[in-house]
>>> print(open('data30.pdb').read())   # PDB, C-alpha atoms and all ligand atoms
ATOM      1  CA  MET A   1       2.412   0.785  -4.634
ATOM      2  CA  VAL A   2       1.848  -2.820  -3.716
ATOM      3  CA  GLY A   3       2.891  -2.030  -0.128
ATOM      4  CA  VAL A   4       3.335  -4.902   2.316
ATOM      5  CA  LEU A   5       2.463  -7.404  -0.387
ATOM      6  CA  ARG A   6       5.739  -6.787  -2.247
ATOM      7  CA  ASN A   7       4.912  -7.918  -5.798
ATOM      8  CA  VAL A   8       2.050  -9.170  -7.927
ATOM      9  CA  ILE A   9       3.040 -12.225  -9.962
ATOM     10  CA  LEU A  10       0.892 -13.351 -12.884
ATOM     11  CA  VAL A  11       0.938 -17.007 -13.900
ATOM     12  CA  GLY A  12      -1.052 -18.941 -16.485
ATOM     13  CA  PHE A  13      -0.968 -20.710 -19.820
ATOM     14  CA  MET A  14       0.239 -19.062 -23.035
ATOM     15  CA  GLY A  15      -2.413 -16.697 -24.353
ATOM     16  CA  ALA A  16      -4.114 -16.199 -20.974
ATOM     17  CA  GLY A  17      -3.438 -12.443 -21.135
ATOM     18  CA  LYS A  18      -0.588 -12.097 -18.605
ATOM     19  CA  SER A  19       1.284  -9.392 -20.545
ATOM     20  CA  THR A  20      -1.769  -7.286 -21.384
ATOM     21  CA  VAL A  21      -3.228  -7.544 -17.884
ATOM     22  CA  GLY A  22       0.190  -7.009 -16.286
ATOM     23  CA  ARG A  23       0.869  -3.806 -18.183
ATOM     24  CA  LEU A  24      -2.499  -2.263 -17.258
ATOM     25  CA  LEU A  25      -2.284  -3.480 -13.659
ATOM     26  CA  ALA A  26       1.177  -1.943 -13.234
ATOM     27  CA  SER A  27      -0.063   1.385 -14.534
ATOM     28  CA  ARG A  28      -3.119   1.186 -12.224
ATOM     29  CA  LEU A  29      -0.856   0.459  -9.230
ATOM     30  CA  SER A  30       1.816   2.959 -10.370
ATOM     31  CA  CYS A  31       4.533   0.355 -10.177
ATOM     32  CA  CYS A  32       7.024  -1.270 -12.528
ATOM     33  CA  PHE A  33       6.108  -4.039 -14.929
ATOM     34  CA  VAL A  34       8.516  -6.799 -15.858
ATOM     35  CA  GLU A  35       8.208 -10.022 -17.862
ATOM     36  CA  THR A  36      10.385 -13.054 -17.177
ATOM     37  CA  ASP A  37      10.655 -13.692 -20.939
ATOM     38  CA  ALA A  38      11.933 -10.136 -21.470
ATOM     39  CA  MET A  39      14.512 -10.617 -18.692
ATOM     40  CA  ILE A  40      15.699 -13.760 -20.498
ATOM     41  CA  THR A  41      15.879 -12.201 -23.949
ATOM     42  CA  ALA A  42      17.757  -9.193 -22.529
ATOM     43  CA  ARG A  43      20.329 -11.475 -20.871
ATOM     44  CA  GLU A  44      20.714 -13.695 -23.932
ATOM     45  CA  GLY A  45      20.516 -11.058 -26.657
ATOM     46  CA  ARG A  46      18.173 -13.242 -28.732
ATOM     47  CA  SER A  47      14.487 -14.003 -28.942
ATOM     48  CA  ILE A  48      12.689 -16.838 -27.118
ATOM     49  CA  PRO A  49      12.156 -18.821 -30.371
ATOM     50  CA  GLU A  50      15.877 -18.388 -31.173
ATOM     51  CA  ILE A  51      16.869 -19.665 -27.722
ATOM     52  CA  PHE A  52      14.684 -22.761 -28.199
ATOM     53  CA  THR A  53      16.065 -23.376 -31.709
ATOM     54  CA  ASP A  54      19.718 -22.788 -30.802
ATOM     55  CA  ARG A  55      19.885 -24.362 -27.342
ATOM     56  CA  GLY A  56      16.653 -26.282 -26.739
ATOM     57  CA  GLU A  57      14.045 -26.267 -23.972
ATOM     58  CA  PRO A  58      16.251 -27.545 -21.087
ATOM     59  CA  TYR A  59      18.595 -24.576 -21.573
ATOM     60  CA  PHE A  60      15.626 -22.178 -21.589
ATOM     61  CA  ARG A  61      14.349 -23.713 -18.324
ATOM     62  CA  ARG A  62      17.780 -23.153 -16.752
ATOM     63  CA  LEU A  63      17.554 -19.486 -17.748
ATOM     64  CA  GLU A  64      14.132 -19.330 -16.106
ATOM     65  CA  ALA A  65      15.657 -20.743 -12.895
ATOM     66  CA  GLU A  66      18.271 -17.948 -12.954
ATOM     67  CA  VAL A  67      15.560 -15.354 -13.481
ATOM     68  CA  LEU A  68      13.681 -16.762 -10.478
ATOM     69  CA  GLU A  69      16.706 -15.903  -8.328
ATOM     70  CA  ALA A  70      16.760 -12.372  -9.745
ATOM     71  CA  LEU A  71      13.067 -11.925  -8.897
ATOM     72  CA  ALA A  72      13.949 -12.132  -5.196
ATOM     73  CA  GLU A  73      15.375  -8.600  -5.544
ATOM     74  CA  LYS A  74      12.119  -7.132  -6.838
ATOM     75  CA  ARG A  75       9.838  -4.988  -4.707
ATOM     76  CA  ASP A  76       6.582  -3.382  -5.824
ATOM     77  CA  HIS A  77       6.663  -4.925  -9.278
ATOM     78  CA  VAL A  78       4.021  -6.548 -11.406
ATOM     79  CA  ILE A  79       5.721  -9.622 -12.848
ATOM     80  CA  ALA A  80       4.321 -11.579 -15.818
ATOM     81  CA  THR A  81       5.836 -15.071 -15.994
ATOM     82  CA  GLY A  82       6.150 -17.357 -19.018
ATOM     83  CA  GLY A  83       3.557 -20.147 -19.189
ATOM     84  CA  GLY A  84       5.974 -22.863 -18.047
ATOM     85  CA  PHE A  85       7.796 -20.714 -15.483
ATOM     86  CA  PRO A  86       5.872 -21.710 -12.313
ATOM     87  CA  CYS A  87       5.819 -25.407 -13.196
ATOM     88  CA  GLY A  88       9.403 -26.346 -12.342
ATOM     89  CA  PRO A  89      10.147 -28.086  -9.033
ATOM     90  CA  GLY A  90       9.828 -25.720  -6.072
ATOM     91  CA  VAL A  91       9.120 -22.673  -8.233
ATOM     92  CA  MET A  92       5.547 -22.070  -7.050
ATOM     93  CA  ASP A  93       6.700 -22.283  -3.420
ATOM     94  CA  ARG A  94       9.204 -19.535  -4.131
ATOM     95  CA  LEU A  95       6.764 -17.339  -6.070
ATOM     96  CA  LEU A  96       4.216 -17.545  -3.256
ATOM     97  CA  GLN A  97       6.857 -16.033  -0.961
ATOM     98  CA  LEU A  98       7.738 -13.244  -3.381
ATOM     99  CA  GLY A  99       4.317 -11.662  -3.626
ATOM    100  CA  THR A 100       0.662 -12.169  -4.428
ATOM    101  CA  VAL A 101       0.400 -14.825  -7.118
ATOM    102  CA  VAL A 102      -2.542 -14.480  -9.513
ATOM    103  CA  TRP A 103      -3.520 -17.232 -11.954
ATOM    104  CA  LEU A 104      -5.094 -15.982 -15.161
ATOM    105  CA  ALA A 105      -7.049 -19.114 -15.933
ATOM    106  CA  ALA A 106      -8.356 -18.793 -19.472
ATOM    107  CA  ASP A 107     -10.198 -21.721 -20.982
ATOM    108  CA  PHE A 108      -7.922 -23.837 -23.204
ATOM    109  CA  ASN A 109      -9.532 -23.056 -26.570
ATOM    110  CA  ALA A 110      -9.482 -19.305 -25.956
ATOM    111  CA  ALA A 111      -5.870 -19.284 -24.723
ATOM    112  CA  TYR A 112      -4.677 -21.619 -27.483
ATOM    113  CA  ALA A 113      -6.323 -19.560 -30.227
ATOM    114  CA  ARG A 114      -4.908 -16.327 -28.821
ATOM    115  CA  ALA A 115      -1.392 -17.742 -28.442
ATOM    116  CA  ASN A 116      -1.421 -19.139 -31.978
ATOM    117  CA  ARG A 117      -2.676 -15.853 -33.390
ATOM    118  CA  ALA A 118       0.129 -13.928 -31.718
ATOM    119  CA  GLY A 119       2.769 -16.532 -32.723
ATOM    120  CA  GLY A 120       6.340 -16.831 -31.389
ATOM    121  CA  ARG A 121       5.426 -19.757 -29.086
ATOM    122  CA  PRO A 122       7.994 -22.544 -29.560
ATOM    123  CA  MET A 123       6.087 -24.783 -27.116
ATOM    124  CA  LEU A 124       3.187 -24.814 -29.592
ATOM    125  CA  ALA A 125       5.251 -25.169 -32.760
ATOM    126  CA  GLY A 126       4.902 -28.675 -34.170
ATOM    127  CA  ARG A 127       2.484 -29.689 -31.386
ATOM    128  CA  SER A 128      -1.021 -30.852 -32.166
ATOM    129  CA  ALA A 129      -3.958 -29.181 -30.404
ATOM    130  CA  GLU A 130      -4.383 -32.425 -28.390
ATOM    131  CA  ASP A 131      -0.769 -32.285 -27.208
ATOM    132  CA  ALA A 132      -1.124 -28.602 -26.335
ATOM    133  CA  ALA A 133      -4.283 -29.424 -24.361
ATOM    134  CA  ALA A 134      -2.372 -32.143 -22.478
ATOM    135  CA  LEU A 135       0.340 -29.600 -21.624
ATOM    136  CA  TYR A 136      -2.382 -27.195 -20.440
ATOM    137  CA  ARG A 137      -3.893 -29.898 -18.210
ATOM    138  CA  ALA A 138      -0.510 -30.950 -16.822
ATOM    139  CA  ARG A 139       0.164 -27.396 -15.680
ATOM    140  CA  GLN A 140      -3.101 -26.802 -13.844
ATOM    141  CA  ASP A 141      -1.866 -28.258 -10.549
ATOM    142  CA  SER A 142       0.953 -25.717 -10.383
ATOM    143  CA  TYR A 143      -1.187 -22.755 -11.429
ATOM    144  CA  ARG A 144      -3.995 -23.559  -9.031
ATOM    145  CA  ARG A 145      -1.721 -22.987  -6.036
ATOM    146  CA  ALA A 146      -1.904 -19.229  -6.737
ATOM    147  CA  HIS A 147      -3.421 -16.940  -4.089
ATOM    148  CA  LEU A 148      -6.112 -15.857  -6.550
ATOM    149  CA  ALA A 149      -7.543 -17.442  -9.719
ATOM    150  CA  ILE A 150      -9.454 -15.449 -12.319
ATOM    151  CA  ASP A 151     -11.064 -16.991 -15.371
ATOM    152  CA  THR A 152     -10.285 -14.379 -17.999
ATOM    153  CA  THR A 153     -12.176 -16.106 -20.818
ATOM    154  CA  HIS A 154     -15.203 -13.813 -20.781
ATOM    155  CA  LEU A 155     -13.774 -10.781 -18.965
ATOM    156  CA  THR A 156     -12.353  -7.568 -20.362
ATOM    157  CA  VAL A 157      -8.791  -6.659 -19.413
ATOM    158  CA  ASP A 158     -10.181  -3.811 -17.335
ATOM    159  CA  ALA A 159     -12.456  -6.194 -15.422
ATOM    160  CA  VAL A 160      -9.577  -8.595 -14.699
ATOM    161  CA  VAL A 161      -7.435  -5.733 -13.420
ATOM    162  CA  GLY A 162     -10.336  -4.506 -11.277
ATOM    163  CA  ARG A 163     -10.663  -7.909  -9.612
ATOM    164  CA  ILE A 164      -6.956  -8.106  -8.896
ATOM    165  CA  VAL A 165      -6.912  -4.611  -7.379
ATOM    166  CA  ARG A 166      -9.870  -5.491  -5.160
ATOM    167  CA  HIS A 167      -8.187  -8.688  -3.998
ATOM    168  CA  LEU A 168      -4.965  -6.787  -3.235
ATOM    169  CA  ARG A 169      -6.864  -4.258  -1.149
ATOM    170  CA  GLU A 170      -8.404  -7.073   0.871
ATOM    171  CA  ARG A 171      -5.081  -8.824   1.415
ATOM    172  CA  GLU A 172      -3.358  -5.559   2.274
ATOM    173  CA  ARG A 173      -6.064  -4.689   4.795
ATOM    174  CA  ALA A 174      -5.861  -8.156   6.376
ATOM    175  CA  ALA A 175      -2.063  -7.936   6.543
ATOM    176  CA  ARG A 176      -2.187  -4.518   8.206
ATOM    177  CA  LEU A 177      -4.771  -5.618  10.738
ATOM    178  CA  THR A 178      -2.655  -8.580  11.831
ATOM    179  CA  ARG A 179       0.544  -6.501  12.017
ATOM    180  CA  PRO A 180       1.333  -4.821  15.366
ATOM    181  CA  PRO A 181       1.111  -0.982  15.093
ATOM    182  CA  ALA A 182       4.458   0.746  14.500
ATOM    183  CA  GLU A 183       6.119   2.040  17.653
ATOM    184  CA  GLY A 184       4.984   5.565  18.547
ATOM    185  CA  SER A 185       1.899   5.457  16.312
ATOM    186  CA  ALA A 186      -1.384   5.726  18.180
ATOM    187  CA  HIS A 187      -3.490   4.319  15.316
ATOM    188  CA  ALA A 188      -2.951   1.579  12.802
ATOM    189  CA  ASP A 189      -2.877   2.875   9.210
ATOM    190  CA  LEU A 190      -5.704   1.177   7.367
ATOM    191  CA  SER A 191      -5.135   2.776   3.981
ATOM    192  CA  THR A 192      -4.928   0.198   1.237
ATOM    193  CA  GLY A 193      -1.614   1.176  -0.288
ATOM    194  CA  VAL A 194      -2.780   0.109  -3.738
ATOM    195  CA  GLY A 195      -3.954   2.246  -6.662
ATOM    196  CA  GLU A 196      -7.220   4.030  -6.216
ATOM    197  CA  GLY A 197      -8.187   3.831  -9.890
ATOM    198  CA  ARG A 198     -11.708   2.903 -10.841
ATOM    199  CA  GLU A 199     -12.278  -0.825 -10.958
ATOM    200  CA  GLY A 200     -13.441  -1.889 -14.377
ATOM    201  CA  ASP A 201     -15.972  -4.467 -13.238
ATOM    202  CA  GLY A 202     -17.635  -2.387 -10.556
TER     203      GLY A 202
HETATM  204  C1  LIG B 301       6.331 -20.958 -22.575
HETATM  205  C2  LIG B 301       5.578 -19.810 -22.615
HETATM  206  C3  LIG B 301       6.097 -18.557 -23.180
HETATM  207  C4  LIG B 301       7.615 -18.517 -23.104
HETATM  208  C5  LIG B 301       8.209 -19.735 -23.723
HETATM  209  C6  LIG B 301       7.747 -21.016 -23.025
HETATM  210  C7  LIG B 301       5.715 -22.185 -22.006
HETATM  211  O1  LIG B 301       5.557 -17.440 -22.487
HETATM  212  O2  LIG B 301       8.042 -18.419 -21.777
HETATM  213  O3  LIG B 301       7.867 -19.745 -25.076
HETATM  214  O4  LIG B 301       6.447 -23.150 -21.682
HETATM  215  O5  LIG B 301       4.473 -22.205 -21.850
HETATM  216  P1  LIG B 301       3.996 -16.974 -22.614
HETATM  217  O6  LIG B 301       3.218 -17.736 -21.587
HETATM  218  O7  LIG B 301       4.031 -15.510 -22.324
HETATM  219  O8  LIG B 301       3.581 -17.273 -24.002
END
>>> encode(input="data30.pdb", output="structure tokens")
Amino acid sequence: MVGVLRNVILVGFMGAGKSTVGRLLASRLSCCFVETDAMITAREGRSIPEIFTDRGEPYFRRLEAEVLEALAEKRDHVIATGGGFPCGPGVMDRLLQLGTVVWLAADFNAAYARANRAGGRPMLAGRSAEDAAALYRARQDSYRRAHLAIDTTHLTVDAVVGRIVRHLRERERAARLTRPPAEGSAHADLSTGVGEGREGDG
């Protein structure tokens, strides 16, 4: 359970590890995992590369805006966003209201290599490494507004998840301490509300 913090939202450049980290984090927190790209492909009945080829990037960004509205219904979810998702006007403001936003901030070369290896990234197709690096730089200002930033470049997935869980516990504890105790309860409940699994990075 994510408890009073509602959702955990992962942002970051392509290849930063949002899907891998998100899946493990959701299992550690015993909550649902969802990806904005998967929500889009389910609605459209075609893959992300097909959407870009058939309808172009502006259409894809409109679909992302619709998905943002749908995210408002989510509670206790780990949500992995597409790399460009938080960069539209007003989107980061909205995400910051919907849960704890975590930026997986991999170094460009590592993220770029990983994204190219996995393939299926229309934003990288036909773009030089210099252009991709410019896109990476242009997005930093949006990403850096997250509640928490973790450089994943030299960390294992387990270690990244451990750091997020620890941060959630701290935020949850702070939120509970500032909340007035529920009527009729003599003591505030200081339990963390997040998974008690072992943290990978100690
Ligand atoms: C995009 C990133 C992709 C996907 C789409 C556009 C981007 O998601 O949403 O291809 O603009 O950076 P990942 O970050 O999961 O690769």
>>> closest_residue(input="data30.pdb", among="A:Val157, A:His147, A:Pro49, A:Ala175", to="A:Gly99", atoms="all atoms listed in the file")
A:His147
>>> resolve_selection(input="data30.pdb", expression="the PyMOL selection byres (((chain A and resi 17-21) around 12) and not hetatm)", output="ChimeraX atom specification")
/A:8-16,22-28,33-38,78-83,101-107,110-115,118,150-165
>>> write_last_selection(input="data30.pdb", atoms="C-alpha atoms", output="PDB file, in the frame of the given file")
ATOM      1  CA  VAL A   8       2.050  -9.170  -7.927  1.00  0.00           C
ATOM      2  CA  ILE A   9       3.040 -12.225  -9.962  1.00  0.00           C
ATOM      3  CA  LEU A  10       0.892 -13.351 -12.884  1.00  0.00           C
ATOM      4  CA  VAL A  11       0.938 -17.007 -13.900  1.00  0.00           C
ATOM      5  CA  GLY A  12      -1.052 -18.941 -16.485  1.00  0.00           C
ATOM      6  CA  PHE A  13      -0.968 -20.710 -19.820  1.00  0.00           C
ATOM      7  CA  MET A  14       0.239 -19.062 -23.035  1.00  0.00           C
ATOM      8  CA  GLY A  15      -2.413 -16.697 -24.353  1.00  0.00           C
ATOM      9  CA  ALA A  16      -4.114 -16.199 -20.974  1.00  0.00           C
ATOM     10  CA  GLY A  22       0.190  -7.009 -16.286  1.00  0.00           C
ATOM     11  CA  ARG A  23       0.869  -3.806 -18.183  1.00  0.00           C
ATOM     12  CA  LEU A  24      -2.499  -2.263 -17.258  1.00  0.00           C
ATOM     13  CA  LEU A  25      -2.284  -3.480 -13.659  1.00  0.00           C
ATOM     14  CA  ALA A  26       1.177  -1.943 -13.234  1.00  0.00           C
ATOM     15  CA  SER A  27      -0.063   1.385 -14.534  1.00  0.00           C
ATOM     16  CA  ARG A  28      -3.119   1.186 -12.224  1.00  0.00           C
ATOM     17  CA  PHE A  33       6.108  -4.039 -14.929  1.00  0.00           C
ATOM     18  CA  VAL A  34       8.516  -6.799 -15.858  1.00  0.00           C
ATOM     19  CA  GLU A  35       8.208 -10.022 -17.862  1.00  0.00           C
ATOM     20  CA  THR A  36      10.385 -13.054 -17.177  1.00  0.00           C
ATOM     21  CA  ASP A  37      10.655 -13.692 -20.939  1.00  0.00           C
ATOM     22  CA  ALA A  38      11.933 -10.136 -21.470  1.00  0.00           C
ATOM     23  CA  VAL A  78       4.021  -6.548 -11.406  1.00  0.00           C
ATOM     24  CA  ILE A  79       5.721  -9.622 -12.848  1.00  0.00           C
ATOM     25  CA  ALA A  80       4.321 -11.579 -15.818  1.00  0.00           C
ATOM     26  CA  THR A  81       5.836 -15.071 -15.994  1.00  0.00           C
ATOM     27  CA  GLY A  82       6.150 -17.357 -19.018  1.00  0.00           C
ATOM     28  CA  GLY A  83       3.557 -20.147 -19.189  1.00  0.00           C
ATOM     29  CA  VAL A 101       0.400 -14.825  -7.118  1.00  0.00           C
ATOM     30  CA  VAL A 102      -2.542 -14.480  -9.513  1.00  0.00           C
ATOM     31  CA  TRP A 103      -3.520 -17.232 -11.954  1.00  0.00           C
ATOM     32  CA  LEU A 104      -5.094 -15.982 -15.161  1.00  0.00           C
ATOM     33  CA  ALA A 105      -7.049 -19.114 -15.933  1.00  0.00           C
ATOM     34  CA  ALA A 106      -8.356 -18.793 -19.472  1.00  0.00           C
ATOM     35  CA  ASP A 107     -10.198 -21.721 -20.982  1.00  0.00           C
ATOM     36  CA  ALA A 110      -9.482 -19.305 -25.956  1.00  0.00           C
ATOM     37  CA  ALA A 111      -5.870 -19.284 -24.723  1.00  0.00           C
ATOM     38  CA  TYR A 112      -4.677 -21.619 -27.483  1.00  0.00           C
ATOM     39  CA  ALA A 113      -6.323 -19.560 -30.227  1.00  0.00           C
ATOM     40  CA  ARG A 114      -4.908 -16.327 -28.821  1.00  0.00           C
ATOM     41  CA  ALA A 115      -1.392 -17.742 -28.442  1.00  0.00           C
ATOM     42  CA  ALA A 118       0.129 -13.928 -31.718  1.00  0.00           C
ATOM     43  CA  ILE A 150      -9.454 -15.449 -12.319  1.00  0.00           C
ATOM     44  CA  ASP A 151     -11.064 -16.991 -15.371  1.00  0.00           C
ATOM     45  CA  THR A 152     -10.285 -14.379 -17.999  1.00  0.00           C
ATOM     46  CA  THR A 153     -12.176 -16.106 -20.818  1.00  0.00           C
ATOM     47  CA  HIS A 154     -15.203 -13.813 -20.781  1.00  0.00           C
ATOM     48  CA  LEU A 155     -13.774 -10.781 -18.965  1.00  0.00           C
ATOM     49  CA  THR A 156     -12.353  -7.568 -20.362  1.00  0.00           C
ATOM     50  CA  VAL A 157      -8.791  -6.659 -19.413  1.00  0.00           C
ATOM     51  CA  ASP A 158     -10.181  -3.811 -17.335  1.00  0.00           C
ATOM     52  CA  ALA A 159     -12.456  -6.194 -15.422  1.00  0.00           C
ATOM     53  CA  VAL A 160      -9.577  -8.595 -14.699  1.00  0.00           C
ATOM     54  CA  VAL A 161      -7.435  -5.733 -13.420  1.00  0.00           C
ATOM     55  CA  GLY A 162     -10.336  -4.506 -11.277  1.00  0.00           C
ATOM     56  CA  ARG A 163     -10.663  -7.909  -9.612  1.00  0.00           C
ATOM     57  CA  ILE A 164      -6.956  -8.106  -8.896  1.00  0.00           C
ATOM     58  CA  VAL A 165      -6.912  -4.611  -7.379  1.00  0.00           C
TER      59      VAL A 165
END
>>> closest_residue(input="data30.pdb", among="A:Leu135, A:Met92, A:Ala129, A:Ala42", to="ligand LIG 301 (chain B)", atoms="only C-alpha atoms and all ligand atoms")
A:Leu135
>>> closest_residue(input="data30.pdb", among="A:Arg139, A:Arg121, A:Pro86, A:Glu69", to="A:Glu50", atoms="all atoms listed in the file")
A:Arg121
>>> atom_distance(input="data30.pdb", atom1="atom CA of A:Ile48", atom2="atom O3 of ligand LIG 301 (chain B)")
6.0 Å
>>> atom_distance(input="data30.pdb", atom1="atom CA of A:Ala138", atom2="atom CA of A:Asp54")
25.9 Å
>>> axis_aligned_box(input="data30.pdb", around="ligand LIG 301 (chain B)", padding_each_side="5 Å", output="lines of an AutoDock Vina configuration file")
center_x = 5.7
center_y = -19.3
center_z = -23.3
size_x = 15.0
size_y = 17.6
size_z = 13.5
>>> atom_distance(input="data30.pdb", atom1="atom CA of A:Glu66", atom2="atom CA of A:Thr41")
12.6 Å
>>> closest_residue(input="data30.pdb", among="A:Arg61, A:Arg179, A:Arg173, A:Arg55", to="ligand LIG 301 (chain B)", atoms="all atoms listed in the file")
A:Arg61
>>> resolve_selection(input="data30.pdb", expression="the PyMOL selection byres (((chain A and resi 70) around 12) and not hetatm)", output="ChimeraX atom specification")
/A:34,36,39-40,43,63-69,71-75,79,94-95,98
>>> closest_residue(input="data30.pdb", among="A:Val91, A:Pro58, A:Ser47, A:Leu148", to="A:Gly120", atoms="all atoms listed in the file")
A:Ser47
>>> closest_residue(input="data30.pdb", among="A:Phe52, A:Phe85, A:Tyr59, A:Phe108", to="A:Ala132", atoms="all atoms listed in the file")
A:Phe108
>>> build_atoms(input="data30.pdb", residues="stretch 158-169 of chain A", atoms="N, CA and C atoms", output="short mmCIF file (atom, residue, chain, number, x, y, z; two decimals), in the frame of the given file")
data_model
loop_
_atom_site.label_atom_id
_atom_site.label_comp_id
_atom_site.auth_asym_id
_atom_site.auth_seq_id
_atom_site.Cartn_x
_atom_site.Cartn_y
_atom_site.Cartn_z
N ASP A 158 -9.86 -4.75 -18.41
CA ASP A 158 -10.18 -3.81 -17.34
C ASP A 158 -10.86 -4.53 -16.16
N ALA A 159 -11.75 -5.46 -16.48
CA ALA A 159 -12.46 -6.19 -15.42
C ALA A 159 -11.49 -7.09 -14.65
N VAL A 160 -10.56 -7.72 -15.36
CA VAL A 160 -9.58 -8.60 -14.70
C VAL A 160 -8.72 -7.76 -13.75
N VAL A 161 -8.27 -6.61 -14.25
CA VAL A 161 -7.44 -5.73 -13.42
C VAL A 161 -8.22 -5.26 -12.19
N GLY A 162 -9.48 -4.94 -12.39
CA GLY A 162 -10.34 -4.51 -11.28
C GLY A 162 -10.42 -5.57 -10.19
N ARG A 163 -10.57 -6.82 -10.61
CA ARG A 163 -10.66 -7.91 -9.61
C ARG A 163 -9.35 -8.07 -8.85
N ILE A 164 -8.25 -7.95 -9.57
CA ILE A 164 -6.96 -8.11 -8.90
C ILE A 164 -6.76 -6.98 -7.88
N VAL A 165 -7.08 -5.76 -8.28
CA VAL A 165 -6.91 -4.61 -7.38
C VAL A 165 -7.76 -4.80 -6.12
N ARG A 166 -8.99 -5.28 -6.31
CA ARG A 166 -9.87 -5.49 -5.16
C ARG A 166 -9.29 -6.55 -4.23
N HIS A 167 -8.78 -7.62 -4.81
CA HIS A 167 -8.19 -8.69 -4.00
C HIS A 167 -6.96 -8.16 -3.23
N LEU A 168 -6.15 -7.33 -3.89
CA LEU A 168 -4.96 -6.79 -3.24
C LEU A 168 -5.35 -5.91 -2.06
N ARG A 169 -6.39 -5.11 -2.26
CA ARG A 169 -6.86 -4.26 -1.15
C ARG A 169 -7.26 -5.11 0.05
#
